[in-house]
Structures are given as C-alpha cells and as structure tokens.
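> Quick one: this structure, given as structure tokens, is what I'll be asking you about.
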Amino acid sequence: MCGLRRAYVRLTQWAACALLTWAIVLPAAALQPDKPYRDYLVDTWDVAQGLPQISVMAITQDAEGRLWLATQAGLVRFDGVHFERVSRPRVLGLDNMAQALLPDRQGRLWIGTPQGLLVLAQGQLRTVPADPIPSARRFPVNALTLAGDTVLAAGPDGVYSVAGERLRRLHALPGPVTGLLVQGDTLWAGSPGQVTRIQHGQRQVLPFPAGLEHADADHLAWCDGTLWAGTRSGLLRLRDQHWDLVAGQQGERLRAIEALACDRDGNLWLATPHYLERLFPGRPPERIEQQPGSRNVRVIFEDREGSLWTGSLTDGLARIWNGRTRLLSTSEGLTSPLLWTVVASPDGSVLVGGSDGVSRWQAGRFTPVVRGGALPHPDAYSLLAEPDALWIGTRGGVAVLRRGQPQPELPPLLAPLQGAQVHAILRTRDGALWFGTAQGAFRLWQGRLQRYDAQAGLTDPRVRILYQTRDGRLLLGTAQGLYAWQDGTLQPLGRQTGLPDGVGVTALLELGDGTLVLGGDQQLWLYAQRRWHELAQSHGLPSNVPTHLVEIGEDLWVAGAQGIYRLPLRALRRIPHNPATPLQARIVINSGFDRPGGQPGKCCNGVGNGRGLLRDGLLWLPTREGVLQVSAAPLPAGPAWPLRIERVVAGQQTFLPEPKGLRLPLDVRSLKIEFSAPALDPARLPELHYRLVGHNRDWQALDTPGQRSIAYAGLAPGDYLFELVDRNPDAPLAGPARLRLHVPAHFYQTKAFAAVLAMVLAGLVFAGYRWLQYRYRRQRAALERLVQERTQALQEANARLKEISFTDPLTGLYNRRYLTQQLPIDLSFYERDPAFSEGHQAMVIALLDVDHFKTINDTWGHAAGDRVLEQLGQLLGELKRSGDYVARWGGEEFLLVLRPQPRGSLAGIGERLCARIAAHRFDLGNGVEHRLTVSAGLVECPLFAHHPHLLDWEQLVTLADRAMYQAKTSGRNGWMAYRPRPGATARDDLASFQGNPRKLLESGLLELFGHGLGQPPGDTPGRG
C-alpha cells in the first residue's frame, strides 16, 4: 500500500506539470464571461438528429477530438456531425447504466457503472476486476479521473487505481466515494457528508455543515481558486477549511445539484432539475430556464475547442458556444429593436437609428436621443453625426438636432425633401451637405439647395449611396447605375469599362490600395486597372445583397441580407490578372446563404449610408432585432484533430485499416470506406475532399458536410490509395488520412494466366493459319464463283426490293415514298431548262379523289373497291405522257405529276381527267359494271414564275388538296385549281410567305377557279 501511495504522489506531480502544459496550449477564451446566455449559440441533438437515446448521462472527449456519450441505450461516439453507436454486450449485468467516462493517453476508454469498471480498448469491451472485492459483489464506480497516466476510480470503500489490469485500492475511506477531482498535486475525494483532501500521502477530512451529514459530494470542481462541491442538498464552497452553503439567484439554499463544471474562463456552471445557473466572480448569478441546453441537465462538459456541452435526461445533447456575435436589443434599452443605421458619434458613443427614432449606446446601455414621434417619420433611416448637429434622414424627410436643443427642427431650406425617404447623408470635404433620397440627390451649399434627379441625368432618381473617395471624387450609387458628380454635373460611370447598365448599387468601398469595390445585384464588382471586374458565384461568392463593405486586416468583409462573408484581399488583387481566380469566400454569419458554414444569425437591414460600423475590433450592424456586434478578431487556433479512416465495409464483412495497407478478399469488388472527421467547433467546419488513386486522381468534395463514408463499385484488380484531406484554409484538420487497398485478381485475371493463354492462342493461331492456307487454296476459286453469283442475286433482289418499296402493292403505281425521293431530283433537273427557269413552263400537280368511294365498299364489298382502284390506276397510266408520274397518294386518292408544259394548261388538264374517268365503265366483278367520278385539285409548280422556291412541292400538294376539297364541296365530278390572281401585284420580297400556304391564301394573291360537272346521269350500276 505504501508503494502504491508513493507511486500516486509521483503521478500527481507529473499530472500537475501535464495540466499546466495543457492549459498553456489551450485556445483563447471560450465562453465570454460578460455575454448573457441568450447571446451564446446553442445547438441541440436528439433522436431526430441521430442520437440513439434521449438521455445523456456522461460526456468526455478522446485524444482524437471525438466526444463519447453515455446514454441509456449505451455508448455513442460523436464527431460533431455523425453519431456512431458502440455495441453494448451485457457484462457485469450491465445494459445501459454507464455513469462516468474517462479516456486515457493510450486511447482506451474507461467506463464507470453501478456494477463495476469497464474498459473499451481496440474495439473490445471487458471488465476490470477489483481487489479485494469478490467478483460476485456489486462494485459501483461513480467517478473517474486521471493522475498522470494512472486511472483513479471512486469505489464503494475508497479510491482505487488501475494496476496490472486490475483495480487495487489506493486509499481506504469510510463509505462510498461519490466524486473525484485532481487539482495540482492534490486529490479530492467526495463521500457522504464530507470531502477528503489527499496530498503527499496525507489526508484531511473536511466535513459538511450541520444538516448535510448525509449529503453525497457527487460533483467536485475547482473554480476561482477554491473548491466547490455539488450535492443533492445544495452547493457548497470551501473557504478557510470550512464549507459555506451558496444560495441561488433567488436566495434558495437547499437545491439538488445534478451537474457542476468550471470552464477555462472561470465561469462556474451548475445544473439543477429545473434550471442551469452560471456563477462568475464580481457578477450576480445568471439563471437560465426553459432555454435550449438548460433543462434536466445531468452532465456539463467543456471540450478542448472551448464549447460547453450539456447532457439532459429528457432533451438529449446540447452544445453552447461563444460565436462571434452579441445582440444589443431591448434588454439593453432600445425602445424598438428594428434598426436601419449605426454611426459613430464625435463624443465617442455610438448612435443607432431605427423605427422609433435615434438612440445612443454609452456605458453599456442605450438611451433615447430623439423619439420617433418628434421626426417627420418615426423611422430614422440615415444619420450624420457632427460636433454641433445630428442630421437625421427619415422615410419622410430630414430633421436636425442641434447641440443644446431638446427637440429636432425641420429646416425650411430642406422642405423639398419632405416625404422623401433619405438613404444617405454626407458632408463632403468642400463643406457641402449631400442627401441621397428616393427622389434624387440634394446638395446644400451656402444656403442654396440644388436637386439632381432625372432632369440632371439620373436614369433612376433613387440615390442609395453617397461616397467620397480619397482623391475627392463624389460617387452616387443609384438603383440603376453609378454616377460621379463633378463641377455641378453628373456623369455615368462604368458603361465603357465593364460595369453593366442599370446595376443597382447597394454598397461602395475604396480599399487601402485605391481599388474600388461596388456591391449590387447580389454580387460585387472590382475596379482595377481602369476596368470593372465582375465577382460572382462563379468565383465562389455566395449569393447576397451587399449592404456594407469594410476592409479588416487582410480581408474584405461583405455584409448583407443573407449574412456576412469575408474574402482574402490577396485573391482579389489577382482578379485583374486572372479573372478566373477562385476567391474562397469564408462565411462568418449565415442568415440564409445558399451553402452551409458560418455562425447562424440574422443580418442585416436596409440599404444606404451608415449600414455598418467598425469599432474596437467589433463590426456593428443594424438588424430587425437590434444591433449585431460581430467580432472581427481572428478566431483562436483550436486543436488540429486528425482525420481518421475507421473501417472498410464490403457486403457483410468489415475490415479495420492496417498500417501497411489492406488486402481485400478475392471476390470483393465493391466497398464502402468509413471515416471520422472531428467537427466539434462549428466555426471551423471541415471542407473534406477525397480521391481513390488508381480509380480517379481528381479530388472530389463530399456531397454533404455530414457525409462520413464513400462507396465504390466495380473496382478492377490492382493497388489503390484512398486519400482524405481537409481544405479549410483557416484551421484544417490534421491529414491527409491515407489507406492503401489491394484488390486481388482471380487466376484468370493475372499476368501469368494471360501469358500462358497468349502462348496457347499463338500456337493455335499458327496451326490454324497453316490449315487455312491449305483450305484457302481449295476454296478460293469456288468462293469467287459463289461471290459473283451471290452478288448478282443480291443486286437483283435489291432492285426488286427497291421497286417494291416504291410501288403500291394494289395498283402497281408509284407510292408516296417514291415521289419524296424522285421529285426533288426532277425539279433540280428542270431548273436547268431555260423555259422552266424563266417561268414559261411549269410542272403540274393534280390530286384526284374518287367520289362516293365508300358507297362502293359498303354496297359491293372491299374486293369490288380494290378492283375499282386497280382499274383507275390503269386508266390514269394510259392518260399520262412519258415522263409523267402517277402515284397512289393514299386510300382512294391519286396524285399526277405532269412534266413541264406551257403555263395556263390547268383547265384543259382538269377537264380531260374528269371527262375520261366519268366516261369509263368499271368492272366490279360478277358481271357488275359501274361508272364513277372524281374530284380533282390542280396547281402549277412553281406557283409564281419569279419566285420558284416560295413553296416546296409538298406544300403545293397541300394547295392541290385544298382545291380538291373545294371541288368536293361544289358537287363533286369536277376540278378546282389555284393560280396567281390576275392583276394582283406580288411583292419582290415574299419571304414572309415562304413555306406558309395558309398565309399565302389569306394574302389574296391567289384565286380559286375550276369547273364542277355534278353527278353524271345513270350512275346506278347495271349489268352488261
């Protein structure tokens, strides 16, 4: 026992040095003490976000930055994005009652339970037996802590240490130990009614006050240079070796302390069943009730990034972090939280304008300067603070509050501004006072007010921004363009140098090197080297309406309605030389950007001058909820946690990474690589990229920030290298993480098999080659003869097939397919004939339709109808000349295409066709004969002699079809034709009618003419 105690003393001394070193390398302040809880950011997780169970009873952080949670459903590991549940075998009768967690420096996790101590090492969970406690006896472990590399456990009868894979009692104490704390070289052990101080082997018992003799010291914390103890009966503080019972914010002394922790900034946090409370020296306690992260808290833990985590019995997990912002609103004295403008006052205070006038921030509070009722309009929309006057632009004009006056006045000289919304007020270096309003710009100089609006050259009179550059130029940003004022006139800027016309200007800034930056239309423009350069989403900028621009350090900060982001100036300076330079925008405040990142918050409000103020490292911005203060200081450097490849999953098999790489089973071709990337600091979310060298050398970004696995399918045999890297430029995780993979090949996929196969194939090829030579000589002659015969047969078959494809099977006439192919060729040929090309001759298109053909089918059957069509085809073939075409157009329609002949022949052709067909007797079979008539539509091609290409032949067929329809409606047995109307003058330019027969008919340039004969007598069928 003495040896163990000496070892413990050495370990505690080492632990003191280690803790001191750890404290030195910790990042800067985590939870800012002077911030109210409502200004912290709180993120919560429950079962809806992946937490396996709602009750979180213990929290710790391992050496690789990941959190471990003890829930009532077992252990869970959390990297800030992804919850990974650890399998929980029943050991020691344990199911889900872990109540203390402790990681050590060897990567093991120690777990205290009501039944004993467990350790999770190398993925295996095992029990740790205790001496001299029999294994069958219950051995509750209520608390765990580290003394150097030694694990100390709170046992049922004292303090135990882990030695030789067993628990050995280090200090025997009366009753169970309920709390442990190592502070320097001192060990504090809490037990019922007392806390024992153990230092250098010496013990000192510090009993609780009367009435608390049976109170368990469950929670111990060292804060503000003293020891605190949390019990179910109240909070105690050790002073001069005696305990004081500390009352709560409302004076209550007896309260159940469920959790207790001191953060690195000296805030003491305690939790009761009903609220969370913060104590800080010199300030009254702050009670947090019914807020996220404050209800039914059972554990409080501060991670190495400085965030505070709470585990609740009913609400799951919460992260409380400082963020960059603080909101000053009605709690700090604002009469209305809706603000439009914030400016610096010459007296060192800050003035804000909002929906209830103007207020001043001074000594940590807002006080009213001018109430909204005393102004032309309650909204103070823009401000200009001068030593002797405060100029106030409203939505309804301008007021001025002069020094010493209790109320503002409305200068008569500014009466023309009455009713105008004032976006900007500026005093230029020449002493003139400018007002930018929705009705134009106004210049007050030497008692004279001059107006600049549309009559002065503004495309849009709404002047939003007034800005004077260092060289004295006055710039006016309007809703439609940028202007410069010089010598009493306005000149538009940028129209010849790359700035689009009509850009809505919402912000202007001259950088330190003289470069001008313009914000408008949800993007930026940069003026450098005498040109404007567009900066848009293609450069990596988020979509935002810039309302305030400010240069801070080596960054340009852009504030707008969707939030705040910053751009590195070094990248901006490269834009004129390389317009495609990526700008790597870093989101600071996210109020609705189109991408993740940054701190959630609401910003910003209004367009005009005074939409932001940089003061003492804080960016002041007006919002609808008050003034948002944003810290512009660089975030403190946090730990560079390592990226880690956790496992490779292939089907039902799981493989752990190996240092020399992983050789996969023979049949594995598809796999999933799972990895972890600690993202506990919400201000520094990893930007992970990955690649699988051997499959694809290009880096790819994750599909979503929460993705923690990559799947590959159909991998070919070979060697691969998987790489994972964080490209966050501010604070990347340590990496890259790499894993070599070998996908083995089957024997038939190996090089040896390929070589043997190649040799065998080469031998077979050579033997076959010799045999083929012999066979070739025998078959060559026969093959040539056969080829000739087959070639001739194929040519004949092709000719027959072509003839069949161009021929109607019933009538033997050409079909529509033949005309589609042949007519363009014929027209091209005819156009070389002078008589045709000069318009003396024209081709004729006639479309015929058999009258009352349905009556034949209905009365004598379709066979009779087919016979009529065959005979009509023969008759038309007899009527055509050499070089004419007769085709069956479809159904009972026939199309005649007559080769060029003198123009004006349509009447004769129509009469001849109708008369010959009406005189013919058609044999219906079985001795029945029948006379029938046709209706014909005709048109010349081309229609206009001097416009040969106005309509193509298919559109002329459409006109013939219309003419045929007119013949039908006129009584059938007749013909109709379209021709140019006599006396109608055709314009030289008929391009508007080209390809449009309907429009040509509607133009009145064509006339319809023809002759309807009506039904012939004796159309009743007869015999003989």
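Labels for the structure tokens follow display order: chains A, B, ..., residues from 1 in each chain, ligands from 1.
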Which neighbours of region 251-257 of chain A fall inside 12 Å, counting only C-alpha atoms, when residues of the same chain fewer than 6 positions from it are skipped, and could you give them as number ranges by chain?
A: 211-212, 215-220, 228-236, 244-245, 269-277, 284-285, 287, 296-300
> For region 334-348 of chain A, please output as a VMD selection string all residues within 10 Å (counting only C-alpha atoms; exclusion window: fewer than 2 positions along the same chain).
chain A and resid 328 to 332 350 to 362 365 to 368 371 379 to 388 390 423 to 424 604 to 615 620 to 627
> Please list as a PDB file with C-alpha atoms, in the first residue's frame every residue within 10 Å of region 865-874 of chain A, counting only C-alpha atoms and excluding residues in the same chain fewer than 6 positions away.

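Contents of selection.pdb, as written:
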ATOM      1  CA  PRO A 809     -48.967  -3.283-103.926  1.00  0.00           C
ATOM      2  CA  LEU A 810     -52.637  -2.945-105.055  1.00  0.00           C
ATOM      3  CA  THR A 811     -52.415  -0.724-108.122  1.00  0.00           C
ATOM      4  CA  GLY A 812     -48.815  -1.229-109.141  1.00  0.00           C
ATOM      5  CA  LEU A 813     -48.389   2.558-109.238  1.00  0.00           C
ATOM      6  CA  VAL A 850     -62.857   9.061-106.091  1.00  0.00           C
ATOM      7  CA  PHE A 853     -65.969   5.505-102.926  1.00  0.00           C
ATOM      8  CA  LYS A 854     -67.291   4.444 -99.531  1.00  0.00           C
ATOM      9  CA  THR A 855     -70.637   3.552-101.172  1.00  0.00           C
ATOM     10  CA  ILE A 856     -68.851   1.018-103.379  1.00  0.00           C
ATOM     11  CA  ASN A 857     -67.141  -0.618-100.377  1.00  0.00           C
ATOM     12  CA  ASP A 858     -70.343  -0.614 -98.346  1.00  0.00           C
ATOM     13  CA  THR A 859     -72.541  -1.946-101.181  1.00  0.00           C
ATOM     14  CA  VAL A 886     -49.000   8.605-111.446  1.00  0.00           C
ATOM     15  CA  ALA A 887     -48.907   7.627-107.771  1.00  0.00           C
ATOM     16  CA  ARG A 888     -51.393   6.322-105.287  1.00  0.00           C
ATOM     17  CA  GLY A 891     -56.818   5.466 -99.864  1.00  0.00           C
ATOM     18  CA  GLU A 892     -58.841   6.484-102.928  1.00  0.00           C
ATOM     19  CA  GLU A 893     -56.547   9.474-103.676  1.00  0.00           C
ATOM     20  CA  PHE A 894     -54.188   9.558-106.681  1.00  0.00           C
ATOM     21  CA  ILE A 917     -62.811   8.963-115.856  1.00  0.00           C
ATOM     22  CA  HIS A 920     -65.152   4.846-118.204  1.00  0.00           C
ATOM     23  CA  ARG A 921     -67.123   1.798-117.050  1.00  0.00           C
ATOM     24  CA  PHE A 922     -65.506  -0.013-114.130  1.00  0.00           C
ATOM     25  CA  ASP A 923     -65.918  -3.759-113.710  1.00  0.00           C
ATOM     26  CA  LEU A 924     -66.912  -4.616-110.118  1.00  0.00           C
ATOM     27  CA  GLY A 925     -66.796  -8.373-110.735  1.00  0.00           C
ATOM     28  CA  GLU A 929     -70.225  -2.539-114.049  1.00  0.00           C
ATOM     29  CA  HIS A 930     -70.216   0.909-112.515  1.00  0.00           C
ATOM     30  CA  ARG A 931     -69.444   4.443-113.553  1.00  0.00           C
ATOM     31  CA  LEU A 932     -67.790   6.769-111.116  1.00  0.00           C
TER      32      LEU A 932
END
> Extract the full set of helix (DSSP H, G or I) residues from region 714-807 of chain A according to DSSP on the backbone, and format it as a PyMOL selection string.
chain A and resi 747-749+751-805
> Tell me which protein, DNA and RNA residues are within 6 Å of Val400 (chain A), counting only C-alpha atoms, leaving out same-chain ones fewer than 4 positions away, and put them as a PDB file with all heavy atoms, in the first residue's frame.

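Dumped everything to out_9.pdb:
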ATOM      1  N   LEU A 390     -26.791  66.807 -35.224  1.00  0.00           N
ATOM      2  CA  LEU A 390     -27.091  65.443 -35.654  1.00  0.00           C
ATOM      3  C   LEU A 390     -28.143  65.514 -36.740  1.00  0.00           C
ATOM      4  O   LEU A 390     -29.283  65.936 -36.489  1.00  0.00           O
ATOM      5  CB  LEU A 390     -27.598  64.601 -34.480  1.00  0.00           C
ATOM      6  CG  LEU A 390     -28.103  63.192 -34.841  1.00  0.00           C
ATOM      7  CD1 LEU A 390     -26.980  62.345 -35.436  1.00  0.00           C
ATOM      8  CD2 LEU A 390     -28.712  62.511 -33.624  1.00  0.00           C
ATOM      9  N   TRP A 391     -27.750  65.142 -37.971  1.00  0.00           N
ATOM     10  CA  TRP A 391     -28.670  65.155 -39.103  1.00  0.00           C
ATOM     11  C   TRP A 391     -29.350  63.783 -39.166  1.00  0.00           C
ATOM     12  O   TRP A 391     -28.701  62.746 -39.154  1.00  0.00           O
ATOM     13  CB  TRP A 391     -27.927  65.443 -40.401  1.00  0.00           C
ATOM     14  CG  TRP A 391     -27.297  66.805 -40.415  1.00  0.00           C
ATOM     15  CD1 TRP A 391     -26.076  67.141 -39.947  1.00  0.00           C
ATOM     16  CD2 TRP A 391     -27.899  68.002 -40.892  1.00  0.00           C
ATOM     17  NE1 TRP A 391     -25.839  68.484 -40.095  1.00  0.00           N
ATOM     18  CE2 TRP A 391     -26.948  69.043 -40.686  1.00  0.00           C
ATOM     19  CE3 TRP A 391     -29.124  68.323 -41.466  1.00  0.00           C
ATOM     20  CZ2 TRP A 391     -27.208  70.367 -41.054  1.00  0.00           C
ATOM     21  CZ3 TRP A 391     -29.382  69.641 -41.835  1.00  0.00           C
ATOM     22  CH2 TRP A 391     -28.428  70.643 -41.627  1.00  0.00           C
ATOM     23  N   ILE A 392     -30.670  63.819 -39.291  1.00  0.00           N
ATOM     24  CA  ILE A 392     -31.462  62.580 -39.233  1.00  0.00           C
ATOM     25  C   ILE A 392     -32.300  62.485 -40.498  1.00  0.00           C
ATOM     26  O   ILE A 392     -33.198  63.303 -40.729  1.00  0.00           O
ATOM     27  CB  ILE A 392     -32.386  62.567 -37.995  1.00  0.00           C
ATOM     28  CG1 ILE A 392     -31.576  62.812 -36.712  1.00  0.00           C
ATOM     29  CG2 ILE A 392     -33.143  61.243 -37.912  1.00  0.00           C
ATOM     30  CD1 ILE A 392     -32.445  63.060 -35.498  1.00  0.00           C
ATOM     31  N   PRO A 408     -35.555  68.102 -32.195  1.00  0.00           N
ATOM     32  CA  PRO A 408     -35.031  68.418 -33.539  1.00  0.00           C
ATOM     33  C   PRO A 408     -35.901  69.452 -34.239  1.00  0.00           C
ATOM     34  O   PRO A 408     -37.064  69.653 -33.910  1.00  0.00           O
ATOM     35  CB  PRO A 408     -35.090  67.066 -34.252  1.00  0.00           C
ATOM     36  CG  PRO A 408     -36.208  66.340 -33.583  1.00  0.00           C
ATOM     37  CD  PRO A 408     -36.163  66.763 -32.137  1.00  0.00           C
ATOM     38  N   GLU A 409     -35.324  70.082 -35.228  1.00  0.00           N
ATOM     39  CA  GLU A 409     -36.048  71.051 -36.042  1.00  0.00           C
ATOM     40  C   GLU A 409     -36.082  70.561 -37.490  1.00  0.00           C
ATOM     41  O   GLU A 409     -35.276  69.717 -37.907  1.00  0.00           O
ATOM     42  CB  GLU A 409     -35.376  72.426 -35.982  1.00  0.00           C
ATOM     43  CG  GLU A 409     -33.955  72.431 -36.539  1.00  0.00           C
ATOM     44  CD  GLU A 409     -33.305  73.801 -36.449  1.00  0.00           C
ATOM     45  OE1 GLU A 409     -33.000  74.230 -35.311  1.00  0.00           O
ATOM     46  OE2 GLU A 409     -33.128  74.404 -37.524  1.00  0.00           O
TER      47      GLU A 409
END
> So which residues of region 589-780 of chain A fall under strand (DSSP E) by DSSP, listed as number ranges by chain?
A: 589-590, 599-600, 613-615, 618-623, 626-631, 644-650, 653-655, 662-663, 671-676, 688-693, 696-701, 709-712, 718-726, 737-743
> Find the residues around Arg108 (chain A) up to 9 Å (only C-alpha atoms counted), leave out those fewer than 6 positions away in its own chain, and share them as JSON, numbers by chain.
{"A": [62, 102, 119, 120, 121, 122]}
> Can those selected residues be exported to a file as a tab-separated table (two decimals), in the first residue's frame so that it contains all heavy atoms?

chain	number	residue	atom	x	y	z
A	62	ASP	N	-12.00	12.23	-26.42
A	62	ASP	CA	-10.79	11.42	-26.50
A	62	ASP	C	-9.65	12.21	-27.13
A	62	ASP	O	-9.79	13.39	-27.49
A	62	ASP	CB	-11.06	10.11	-27.25
A	62	ASP	CG	-11.45	10.32	-28.70
A	62	ASP	OD1	-11.16	11.40	-29.26
A	62	ASP	OD2	-12.06	9.40	-29.29
A	102	LEU	N	-14.02	8.15	-19.02
A	102	LEU	CA	-12.68	8.73	-18.92
A	102	LEU	C	-11.79	8.15	-20.01
A	102	LEU	O	-11.54	6.95	-20.03
A	102	LEU	CB	-12.06	8.43	-17.54
A	102	LEU	CG	-10.63	8.95	-17.35
A	102	LEU	CD1	-10.62	10.47	-17.26
A	102	LEU	CD2	-10.01	8.34	-16.09
A	119	VAL	N	-13.54	-1.29	-19.58
A	119	VAL	CA	-12.60	-0.57	-20.42
A	119	VAL	C	-12.85	-1.00	-21.86
A	119	VAL	O	-13.06	-2.17	-22.17
A	119	VAL	CB	-11.13	-0.84	-20.01
A	119	VAL	CG1	-10.78	-2.32	-20.13
A	119	VAL	CG2	-10.18	0.00	-20.86
A	120	LEU	N	-12.86	0.00	-22.74
A	120	LEU	CA	-13.01	-0.24	-24.17
A	120	LEU	C	-11.66	0.01	-24.82
A	120	LEU	O	-11.16	1.14	-24.82
A	120	LEU	CB	-14.07	0.70	-24.76
A	120	LEU	CG	-14.34	0.59	-26.26
A	120	LEU	CD1	-14.93	-0.77	-26.60
A	120	LEU	CD2	-15.27	1.70	-26.73
A	121	ALA	N	-11.05	-1.04	-25.34
A	121	ALA	CA	-9.73	-0.93	-25.96
A	121	ALA	C	-9.70	-1.79	-27.21
A	121	ALA	O	-10.15	-2.93	-27.21
A	121	ALA	CB	-8.64	-1.40	-24.98
A	122	GLN	N	-9.18	-1.21	-28.30
A	122	GLN	CA	-9.09	-1.91	-29.58
A	122	GLN	C	-10.45	-2.45	-30.01
A	122	GLN	O	-10.55	-3.52	-30.60
A	122	GLN	CB	-8.07	-3.07	-29.48
A	122	GLN	CG	-6.68	-2.64	-29.09
A	122	GLN	CD	-6.03	-1.73	-30.13
A	122	GLN	OE1	-6.25	-1.90	-31.32
A	122	GLN	NE2	-5.23	-0.79	-29.67
> Please identify all polymer residues within 10 Å of region 501-504 of chain A, counting only C-alpha atoms, omitting same-chain residues fewer than 4 positions from it, and present them as a ChimeraX atom specification.
/A:459-460,462-464,477-482,492-496,518-522,545
> Using C-alpha atoms, can you export the residues from the last selection as a short mmCIF file (atom, residue, chain, number, x, y, z; two decimals), in the first residue's frame?

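Below is the file that was written, selection12.cif:
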data_model
loop_
_atom_site.label_atom_id
_atom_site.label_comp_id
_atom_site.auth_asym_id
_atom_site.auth_seq_id
_atom_site.Cartn_x
_atom_site.Cartn_y
_atom_site.Cartn_z
CA THR A 459 -31.76 57.06 -65.12
CA ASP A 460 -33.41 56.29 -61.78
CA ARG A 462 -33.38 56.68 -56.21
CA VAL A 463 -29.95 57.55 -54.77
CA ARG A 464 -28.91 54.93 -52.23
CA GLY A 477 -24.88 54.86 -56.19
CA THR A 478 -28.41 54.65 -57.51
CA ALA A 479 -30.96 51.94 -58.12
CA GLN A 480 -29.85 51.90 -61.77
CA GLY A 481 -26.21 52.77 -62.09
CA LEU A 482 -23.17 54.55 -60.65
CA PRO A 492 -22.42 57.89 -65.56
CA LEU A 493 -19.54 55.59 -64.72
CA GLY A 494 -18.58 52.14 -65.92
CA ARG A 495 -20.59 51.85 -69.11
CA GLN A 496 -17.45 51.65 -71.24
CA LEU A 518 -19.03 48.04 -55.60
CA GLY A 519 -21.83 45.88 -54.24
CA GLY A 520 -25.09 45.44 -56.07
CA ASP A 521 -27.49 42.94 -57.62
CA GLN A 522 -26.37 40.15 -55.25
CA VAL A 545 -27.22 41.65 -51.46
#
